[in-house]
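What's in final.pdb: PDB, C-alpha atoms and all ligand atoms
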```pdb
ATOM      1  CA  MET A   1     120.558  95.910 117.486  1.00  0.00           C
ATOM      2  CA  THR A   2     121.783  99.230 118.809  1.00  0.00           C
ATOM      3  CA  TYR A   3     124.327 101.788 117.808  1.00  0.00           C
ATOM      4  CA  LYS A   4     126.025 104.646 119.627  1.00  0.00           C
ATOM      5  CA  THR A   5     125.474 108.252 118.720  1.00  0.00           C
ATOM      6  CA  ALA A   6     128.260 110.836 118.769  1.00  0.00           C
ATOM      7  CA  ASP A   7     127.489 111.647 122.424  1.00  0.00           C
ATOM      8  CA  LYS A   8     127.719 107.938 123.336  1.00  0.00           C
ATOM      9  CA  GLN A   9     124.006 107.349 123.736  1.00  0.00           C
ATOM     10  CA  VAL A  10     122.832 103.894 122.828  1.00  0.00           C
ATOM     11  CA  VAL A  11     119.737 104.031 120.647  1.00  0.00           C
ATOM     12  CA  PRO A  12     117.931 101.265 118.804  1.00  0.00           C
ATOM     13  CA  GLU A  13     118.820 100.953 115.181  1.00  0.00           C
ATOM     14  CA  PRO A  14     116.004 100.504 112.690  1.00  0.00           C
ATOM     15  CA  MET A  15     115.572  96.821 111.933  1.00  0.00           C
ATOM     16  CA  LEU A  16     115.622  97.711 108.284  1.00  0.00           C
ATOM     17  CA  ARG A  17     116.566 100.819 106.381  1.00  0.00           C
ATOM     18  CA  HIS A  18     116.249 100.376 102.694  1.00  0.00           C
ATOM     19  CA  ILE A  19     115.983 102.613  99.650  1.00  0.00           C
ATOM     20  CA  HIS A  20     113.806 101.227  96.881  1.00  0.00           C
ATOM     21  CA  CYS A  21     115.034 102.832  93.708  1.00  0.00           C
ATOM     22  CA  ASP A  22     113.686 102.757  90.197  1.00  0.00           C
ATOM     23  CA  SER A  23     115.698 104.608  87.601  1.00  0.00           C
ATOM     24  CA  PHE A  24     115.366 104.451  83.858  1.00  0.00           C
ATOM     25  CA  PHE A  25     116.127 106.523  80.767  1.00  0.00           C
ATOM     26  CA  GLU A  26     112.998 107.846  79.090  1.00  0.00           C
ATOM     27  CA  THR A  27     114.071 107.974  75.452  1.00  0.00           C
ATOM     28  CA  SER A  28     110.994 109.857  74.206  1.00  0.00           C
ATOM     29  CA  GLU A  29     111.831 112.740  76.540  1.00  0.00           C
ATOM     30  CA  ASP A  30     115.597 112.222  76.454  1.00  0.00           C
ATOM     31  CA  ARG A  31     116.024 112.277  80.203  1.00  0.00           C
ATOM     32  CA  GLN A  32     116.701 110.083  83.193  1.00  0.00           C
ATOM     33  CA  VAL A  33     113.762 109.336  85.475  1.00  0.00           C
ATOM     34  CA  THR A  34     114.495 108.476  89.104  1.00  0.00           C
ATOM     35  CA  LEU A  35     112.092 107.345  91.798  1.00  0.00           C
ATOM     36  CA  GLU A  36     113.163 106.612  95.340  1.00  0.00           C
ATOM     37  CA  VAL A  37     111.200 105.285  98.288  1.00  0.00           C
ATOM     38  CA  LEU A  38     112.852 105.116 101.700  1.00  0.00           C
ATOM     39  CA  GLU A  39     111.679 102.282 103.907  1.00  0.00           C
ATOM     40  CA  ILE A  40     112.439 102.386 107.633  1.00  0.00           C
ATOM     41  CA  ARG A  41     111.265  99.497 109.748  1.00  0.00           C
ATOM     42  CA  GLN A  42     110.995  99.420 113.536  1.00  0.00           C
ATOM     43  CA  PRO A  43     109.679  96.472 115.571  1.00  0.00           C
ATOM     44  CA  THR A  44     106.094  97.734 115.514  1.00  0.00           C
ATOM     45  CA  PHE A  45     105.838  99.958 112.458  1.00  0.00           C
ATOM     46  CA  THR A  46     107.256 100.734 109.053  1.00  0.00           C
ATOM     47  CA  THR A  47     107.331 104.012 107.207  1.00  0.00           C
ATOM     48  CA  LEU A  48     107.558 104.266 103.431  1.00  0.00           C
ATOM     49  CA  THR A  49     108.377 107.705 102.112  1.00  0.00           C
ATOM     50  CA  LEU A  50     108.743 108.873  98.562  1.00  0.00           C
ATOM     51  CA  THR A  51     112.031 110.734  98.725  1.00  0.00           C
ATOM     52  CA  GLU A  52     112.765 111.444  95.094  1.00  0.00           C
ATOM     53  CA  VAL A  53     110.546 111.940  92.082  1.00  0.00           C
ATOM     54  CA  THR A  54     111.507 113.254  88.671  1.00  0.00           C
ATOM     55  CA  ASP A  55     109.248 116.194  87.740  1.00  0.00           C
ATOM     56  CA  GLY A  56     106.242 115.056  85.748  1.00  0.00           C
ATOM     57  CA  TYR A  57     106.366 111.499  87.107  1.00  0.00           C
ATOM     58  CA  GLU A  58     104.330 112.052  90.279  1.00  0.00           C
ATOM     59  CA  VAL A  59     101.557 109.679  89.197  1.00  0.00           C
ATOM     60  CA  PHE A  60     104.087 107.035  88.198  1.00  0.00           C
ATOM     61  CA  ALA A  61     105.865 107.520  91.545  1.00  0.00           C
ATOM     62  CA  ALA A  62     102.610 107.157  93.469  1.00  0.00           C
ATOM     63  CA  GLU A  63     102.040 103.830  91.719  1.00  0.00           C
ATOM     64  CA  TYR A  64     105.601 102.768  92.519  1.00  0.00           C
ATOM     65  CA  LEU A  65     105.008 103.637  96.179  1.00  0.00           C
ATOM     66  CA  THR A  66     101.670 101.810  96.381  1.00  0.00           C
ATOM     67  CA  GLY A  67     103.305  98.801  94.708  1.00  0.00           C
ATOM     68  CA  ILE A  68     105.805  98.562  97.579  1.00  0.00           C
ATOM     69  CA  VAL A  69     102.977  99.118 100.079  1.00  0.00           C
ATOM     70  CA  ALA A  70     101.059  96.260  98.423  1.00  0.00           C
ATOM     71  CA  MET A  71     104.032  93.943  98.997  1.00  0.00           C
ATOM     72  CA  ARG A  72     103.989  94.818 102.705  1.00  0.00           C
ATOM     73  CA  LEU A  73     100.201  94.380 102.921  1.00  0.00           C
ATOM     74  CA  ALA A  74     100.639  90.905 101.445  1.00  0.00           C
ATOM     75  CA  GLU A  75     103.040  90.183 104.332  1.00  0.00           C
ATOM     76  CA  GLY A  76     100.307  91.140 106.812  1.00  0.00           C
ATOM     77  CA  TRP A  77     101.223  94.772 107.509  1.00  0.00           C
ATOM     78  CA  THR A  78      98.299  97.185 107.828  1.00  0.00           C
ATOM     79  CA  ILE A  79      97.982 100.838 106.812  1.00  0.00           C
ATOM     80  CA  VAL A  80      97.877 103.111 109.866  1.00  0.00           C
ATOM     81  CA  SER A  81      97.988 106.365 107.944  1.00  0.00           C
ATOM     82  CA  ALA A  82      98.699 107.421 104.413  1.00  0.00           C
ATOM     83  CA  GLY A  83      99.661 110.670 102.774  1.00  0.00           C
ATOM     84  CA  GLU A  84     100.381 111.741  99.234  1.00  0.00           C
ATOM     85  CA  ARG A  85     104.035 110.752  99.593  1.00  0.00           C
ATOM     86  CA  HIS A  86     104.187 108.436 102.570  1.00  0.00           C
ATOM     87  CA  TYR A  87     102.622 105.436 104.254  1.00  0.00           C
ATOM     88  CA  HIS A  88     102.757 104.474 107.892  1.00  0.00           C
ATOM     89  CA  LEU A  89     102.225 100.730 108.376  1.00  0.00           C
ATOM     90  CA  GLY A  90     101.481  98.736 111.502  1.00  0.00           C
ATOM     91  CA  SER A  91     103.207  95.427 112.167  1.00  0.00           C
ATOM     92  CA  PRO A  92     101.558  92.139 111.157  1.00  0.00           C
ATOM     93  CA  PRO A  93      99.306  90.582 113.824  1.00  0.00           C
ATOM     94  CA  SER A  94     101.663  87.628 114.205  1.00  0.00           C
ATOM     95  CA  ASP A  95     104.417  89.983 115.363  1.00  0.00           C
ATOM     96  CA  PRO A  96     104.719  89.530 119.156  1.00  0.00           C
ATOM     97  CA  ASP A  97     105.362  93.263 119.540  1.00  0.00           C
ATOM     98  CA  GLY A  98     101.933  94.003 118.107  1.00  0.00           C
ATOM     99  CA  SER A  99     100.130  91.661 120.492  1.00  0.00           C
ATOM    100  CA  ASP A 100      98.565  94.423 122.566  1.00  0.00           C
ATOM    101  CA  ALA A 101      96.428  95.501 119.635  1.00  0.00           C
ATOM    102  CA  GLU A 102      92.697  95.147 120.278  1.00  0.00           C
ATOM    103  CA  PRO A 103      91.255  91.965 118.778  1.00  0.00           C
ATOM    104  CA  VAL A 104      88.787  92.590 115.967  1.00  0.00           C
ATOM    105  CA  CYS A 105      86.548  90.414 113.818  1.00  0.00           C
ATOM    106  CA  SER A 106      88.482  89.327 110.723  1.00  0.00           C
ATOM    107  CA  ARG A 107      85.240  89.294 108.723  1.00  0.00           C
ATOM    108  CA  CYS A 108      83.695  92.704 109.478  1.00  0.00           C
ATOM    109  CA  GLY A 109      86.374  94.489 111.535  1.00  0.00           C
ATOM    110  CA  SER A 110      84.146  95.010 114.574  1.00  0.00           C
ATOM    111  CA  THR A 111      85.571  94.983 118.101  1.00  0.00           C
ATOM    112  CA  LYS A 112      82.317  93.469 119.447  1.00  0.00           C
ATOM    113  CA  VAL A 113      83.884  90.032 119.682  1.00  0.00           C
ATOM    114  CA  VAL A 114      83.556  87.536 122.515  1.00  0.00           C
ATOM    115  CA  ARG A 115      85.465  84.380 123.364  1.00  0.00           C
ATOM    116  CA  ASP A 116      84.253  81.011 124.579  1.00  0.00           C
ATOM    117  CA  ALA A 117      85.514  80.413 128.087  1.00  0.00           C
ATOM    118  CA  CYS A 118      85.165  78.176 131.080  1.00  0.00           C
ATOM    119  CA  ALA A 119      84.624  79.245 134.680  1.00  0.00           C
ATOM    120  CA  ARG A 120      85.359  77.282 137.828  1.00  0.00           C
ATOM    121  CA  TRP A 121      83.730  77.717 141.270  1.00  0.00           C
ATOM    122  CA  ASP A 122      86.172  79.258 143.729  1.00  0.00           C
ATOM    123  CA  LYS A 123      85.273  77.903 147.203  1.00  0.00           C
ATOM    124  CA  ALA A 124      87.339  80.440 149.126  1.00  0.00           C
ATOM    125  CA  ASN A 125      85.825  83.487 147.459  1.00  0.00           C
ATOM    126  CA  ARG A 126      82.429  81.900 146.749  1.00  0.00           C
ATOM    127  CA  ARG A 127      82.307  83.044 143.145  1.00  0.00           C
ATOM    128  CA  TRP A 128      82.970  81.817 139.625  1.00  0.00           C
ATOM    129  CA  VAL A 129      86.479  82.549 138.362  1.00  0.00           C
ATOM    130  CA  LEU A 130      87.759  82.386 134.819  1.00  0.00           C
ATOM    131  CA  ALA A 131      89.657  79.136 134.384  1.00  0.00           C
ATOM    132  CA  ASP A 132      90.384  78.959 130.694  1.00  0.00           C
ATOM    133  CA  VAL A 133      89.701  80.787 127.445  1.00  0.00           C
ATOM    134  CA  HIS A 134      88.923  78.582 124.459  1.00  0.00           C
ATOM    135  CA  PRO A 135      90.028  79.308 120.878  1.00  0.00           C
ATOM    136  CA  GLY A 136      86.441  79.742 119.706  1.00  0.00           C
ATOM    137  CA  ALA A 137      85.280  83.318 119.130  1.00  0.00           C
ATOM    138  CA  PHE A 138      82.018  84.944 118.150  1.00  0.00           C
ATOM    139  CA  CYS A 139      81.309  88.349 116.592  1.00  0.00           C
ATOM    140  CA  GLU A 140      78.215  90.109 117.935  1.00  0.00           C
ATOM    141  CA  ALA A 141      78.199  92.498 114.988  1.00  0.00           C
ATOM    142  CA  CYS A 142      78.098  90.089 112.033  1.00  0.00           C
ATOM    143  CA  GLU A 143      77.376  86.846 113.929  1.00  0.00           C
ATOM    144  CA  ALA A 144      80.384  85.062 112.469  1.00  0.00           C
ATOM    145  CA  ASP A 145      82.152  82.499 114.604  1.00  0.00           C
ATOM    146  CA  GLY A 146      85.203  80.277 114.449  1.00  0.00           C
ATOM    147  CA  ASP A 147      88.560  79.481 115.987  1.00  0.00           C
ATOM    148  CA  ASP A 148      90.410  81.843 113.660  1.00  0.00           C
ATOM    149  CA  LEU A 149      87.931  84.716 113.669  1.00  0.00           C
ATOM    150  CA  LEU A 150      90.018  87.164 115.686  1.00  0.00           C
ATOM    151  CA  GLN A 151      92.480  89.548 114.097  1.00  0.00           C
ATOM    152  CA  PRO A 152      95.029  89.699 115.680  1.00  0.00           C
ATOM    153  CA  PRO A 153      94.695  86.295 117.367  1.00  0.00           C
ATOM    154  CA  ALA A 154      93.943  86.978 121.040  1.00  0.00           C
ATOM    155  CA  ILE A 155      96.619  86.061 123.530  1.00  0.00           C
ATOM    156  CA  ASP A 156      95.262  83.992 126.392  1.00  0.00           C
ATOM    157  CA  GLY A 157      95.801  86.127 129.460  1.00  0.00           C
ATOM    158  CA  ALA A 158      94.400  83.750 132.062  1.00  0.00           C
ATOM    159  CA  SER A 159      96.604  80.988 133.355  1.00  0.00           C
ATOM    160  CA  ALA A 160      95.559  78.079 131.234  1.00  0.00           C
ATOM    161  CA  GLU A 161      94.362  75.556 133.750  1.00  0.00           C
ATOM    162  CA  THR A 162      93.048  72.644 131.774  1.00  0.00           C
ATOM    163  CA  CYS A 163      89.315  72.856 131.577  1.00  0.00           C
ATOM    164  CA  GLY A 164      88.093  70.215 129.195  1.00  0.00           C
ATOM    165  CA  GLU A 165      84.392  69.556 128.715  1.00  0.00           C
ATOM    166  CA  THR A 166      84.769  66.140 130.359  1.00  0.00           C
ATOM    167  CA  ALA A 167      86.571  67.407 133.479  1.00  0.00           C
ATOM    168  CA  PRO A 168      84.677  66.741 136.723  1.00  0.00           C
TER     169      PRO A 168
HETATM  170 ZN    ZN B   1      82.111  90.458 112.555  1.00  0.00          ZN
END
```
Encoded form (structure tokens):
Amino acid sequence: MTYKTADKQVVPEPMLRHIHCDSFFETSEDRQVTLEVLEIRQPTFTTLTLTEVTDGYEVFAAEYLTGIVAMRLAEGWTIVSAGERHYHLGSPPSDPDGSDAEPVCSRCGSTKVVRDACARWDKANRRWVLADVHPGAFCEACEADGDDLLQPPAIDGASAETCGETAP
């Protein structure tokens, strides 16, 4: 979605712009307490900013903010940076816009991961060329392996010519 600015420029609109608000009357102190967190979501990131805090409720507000962050983490978002009053989150791995992120081991977080692959002899160039990349992955750091080890799941770059174990 896009919208036009006053000078007729077309700019992308945030996918989501939402104010999380918690407001209640604190009877023991006879005053209204208001907490506001502004959430702005773009295709590849989300920012959560504490925009209003009633004096004396900073700790409460920080908990309110981390509670919203926790909801996003449960959806697969990851913390890119965090400050006292804001969080910057990266999009979930399943988001196609985040697919250029480097694959890491889902168990230990290392980038020393390798994939199982299959090479085919190229007669013209007299060398082995990559024919297919299999789902299986291995982590050289923690020695874990499995089809779902990589985070985010690696996108197969090579043209997927079928390369089954039984192929001639
Ligand atoms: Zn690992």
**Asked** Which polymer residues have any atom within 10 Å of an atom of Trp121 of chain A, counting only C-alpha atoms, with same-chain residues fewer than 6 positions away left out, as a ChimeraX atom specification?
**Response** /A:127-131
**Request:** Using only C-alpha atoms and all ligand atoms, find the one residue out of A:Ala82, A:Ala61, A:Val133, A:Leu150 that sits nearest to ligand ZN 1 (chain B).
**Result:** A:Leu150
**Message:** the PyMOL selection byres (((chain A and resi 33) around 12) and not hetatm) - which residues does that actually catch in the file I just gave you? List them as a ChimeraX atom specification.
**Reply:** /A:21-32,34-36,52-58,60-61
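The spacing separating atom CA of Phe45 of chain A from atom CA of His88 of chain A amounts to 7.1 Å.
Taking only C-alpha atoms and all ligand atoms into account, every polymer residue with at least one atom at most 8 Å away from ligand ZN 1 (chain B) is listed here: A:Val104, A:Cys105, A:Ser106, A:Arg107, A:Cys108, A:Gly109, A:Ser110, A:Thr111, A:Lys112, A:Val113, A:Phe138, A:Cys139, A:Glu140, A:Ala141, A:Cys142, A:Glu143, A:Ala144.
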Quick one: everything within 10 Å of Arg41 of chain A, counting only C-alpha atoms, minus sequence neighbours fewer than 5 positions away in the same chain. Send it as a PDB file with C-alpha atoms, in the frame of the given file.
```pdb
ATOM      1  CA  GLU A  13     118.820 100.953 115.181  1.00  0.00           C
ATOM      2  CA  PRO A  14     116.004 100.504 112.690  1.00  0.00           C
ATOM      3  CA  MET A  15     115.572  96.821 111.933  1.00  0.00           C
ATOM      4  CA  LEU A  16     115.622  97.711 108.284  1.00  0.00           C
ATOM      5  CA  ARG A  17     116.566 100.819 106.381  1.00  0.00           C
ATOM      6  CA  HIS A  18     116.249 100.376 102.694  1.00  0.00           C
ATOM      7  CA  THR A  46     107.256 100.734 109.053  1.00  0.00           C
ATOM      8  CA  THR A  47     107.331 104.012 107.207  1.00  0.00           C
ATOM      9  CA  LEU A  48     107.558 104.266 103.431  1.00  0.00           C
ATOM     10  CA  LEU A  89     102.225 100.730 108.376  1.00  0.00           C
ATOM     11  CA  GLY A  90     101.481  98.736 111.502  1.00  0.00           C
ATOM     12  CA  SER A  91     103.207  95.427 112.167  1.00  0.00           C
TER      13      SER A  91
END
```
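Here atom CA of Asp132 of chain A and atom CA of Ala101 of chain A stand 20.8 Å from one another.
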**Request:** Please measure the separation of atom CA of Thr66 of chain A and atom CA of Gln151 of chain A, giving the value in Å to one decimal.
**Result:**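 Those two atoms sit 23.4 Å apart.
With only C-alpha atoms as the atoms that count, the minimum distance from Asp116 of chain A to the choices A:Pro103, A:Gly136, A:Pro43, A:Pro92 is reached by A:Gly136.
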Please fill the gaps in segment 48-66 of chain A so it has N, CA and C atoms, and write that as a PDB file, keeping the file's coordinate frame.
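And here is the file that came out, selection.pdb:
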```
ATOM      1  N   LEU A  48     107.121 104.241 104.828  1.00  0.00           N
ATOM      2  CA  LEU A  48     107.558 104.266 103.431  1.00  0.00           C
ATOM      3  C   LEU A  48     107.364 105.682 102.923  1.00  0.00           C
ATOM      4  N   THR A  49     108.449 106.308 102.525  1.00  0.00           N
ATOM      5  CA  THR A  49     108.377 107.705 102.112  1.00  0.00           C
ATOM      6  C   THR A  49     108.984 107.881 100.731  1.00  0.00           C
ATOM      7  N   LEU A  50     108.248 108.545  99.899  1.00  0.00           N
ATOM      8  CA  LEU A  50     108.743 108.873  98.562  1.00  0.00           C
ATOM      9  C   LEU A  50     109.743 110.014  98.716  1.00  0.00           C
ATOM     10  N   THR A  51     111.006 109.723  98.468  1.00  0.00           N
ATOM     11  CA  THR A  51     112.031 110.734  98.725  1.00  0.00           C
ATOM     12  C   THR A  51     112.548 111.408  97.456  1.00  0.00           C
ATOM     13  N   GLU A  52     112.326 110.778  96.323  1.00  0.00           N
ATOM     14  CA  GLU A  52     112.765 111.444  95.094  1.00  0.00           C
ATOM     15  C   GLU A  52     111.842 111.092  93.930  1.00  0.00           C
ATOM     16  N   VAL A  53     111.419 112.121  93.236  1.00  0.00           N
ATOM     17  CA  VAL A  53     110.546 111.940  92.082  1.00  0.00           C
ATOM     18  C   VAL A  53     110.999 112.897  90.985  1.00  0.00           C
ATOM     19  N   THR A  54     111.190 112.392  89.803  1.00  0.00           N
ATOM     20  CA  THR A  54     111.507 113.254  88.671  1.00  0.00           C
ATOM     21  C   THR A  54     110.245 114.035  88.289  1.00  0.00           C
ATOM     22  N   ASP A  55     110.404 115.348  88.074  1.00  0.00           N
ATOM     23  CA  ASP A  55     109.248 116.194  87.740  1.00  0.00           C
ATOM     24  C   ASP A  55     108.433 115.602  86.597  1.00  0.00           C
ATOM     25  N   GLY A  56     107.112 115.575  86.794  1.00  0.00           N
ATOM     26  CA  GLY A  56     106.242 115.056  85.748  1.00  0.00           C
ATOM     27  C   GLY A  56     105.923 113.585  85.923  1.00  0.00           C
ATOM     28  N   TYR A  57     106.592 112.929  86.891  1.00  0.00           N
ATOM     29  CA  TYR A  57     106.366 111.499  87.107  1.00  0.00           C
ATOM     30  C   TYR A  57     105.698 111.200  88.450  1.00  0.00           C
ATOM     31  N   GLU A  58     104.967 112.205  88.964  1.00  0.00           N
ATOM     32  CA  GLU A  58     104.330 112.052  90.279  1.00  0.00           C
ATOM     33  C   GLU A  58     103.336 110.885  90.302  1.00  0.00           C
ATOM     34  N   VAL A  59     102.548 110.760  89.236  1.00  0.00           N
ATOM     35  CA  VAL A  59     101.557 109.679  89.197  1.00  0.00           C
ATOM     36  C   VAL A  59     102.262 108.324  89.141  1.00  0.00           C
ATOM     37  N   PHE A  60     103.289 108.259  88.327  1.00  0.00           N
ATOM     38  CA  PHE A  60     104.087 107.035  88.198  1.00  0.00           C
ATOM     39  C   PHE A  60     104.713 106.682  89.553  1.00  0.00           C
ATOM     40  N   ALA A  61     105.223 107.719  90.243  1.00  0.00           N
ATOM     41  CA  ALA A  61     105.865 107.520  91.545  1.00  0.00           C
ATOM     42  C   ALA A  61     104.863 107.024  92.579  1.00  0.00           C
ATOM     43  N   ALA A  62     103.642 107.584  92.522  1.00  0.00           N
ATOM     44  CA  ALA A  62     102.610 107.157  93.469  1.00  0.00           C
ATOM     45  C   ALA A  62     102.291 105.684  93.268  1.00  0.00           C
ATOM     46  N   GLU A  63     102.281 105.244  92.014  1.00  0.00           N
ATOM     47  CA  GLU A  63     102.040 103.830  91.719  1.00  0.00           C
ATOM     48  C   GLU A  63     103.197 102.959  92.210  1.00  0.00           C
ATOM     49  N   TYR A  64     104.409 103.492  92.050  1.00  0.00           N
ATOM     50  CA  TYR A  64     105.601 102.768  92.519  1.00  0.00           C
ATOM     51  C   TYR A  64     105.522 102.588  94.035  1.00  0.00           C
ATOM     52  N   LEU A  65     105.134 103.682  94.719  1.00  0.00           N
ATOM     53  CA  LEU A  65     105.008 103.637  96.179  1.00  0.00           C
ATOM     54  C   LEU A  65     103.923 102.646  96.620  1.00  0.00           C
ATOM     55  N   THR A  66     102.752 102.717  95.973  1.00  0.00           N
ATOM     56  CA  THR A  66     101.670 101.810  96.381  1.00  0.00           C
ATOM     57  C   THR A  66     102.018 100.350  96.044  1.00  0.00           C
TER      58      THR A  66
END
```
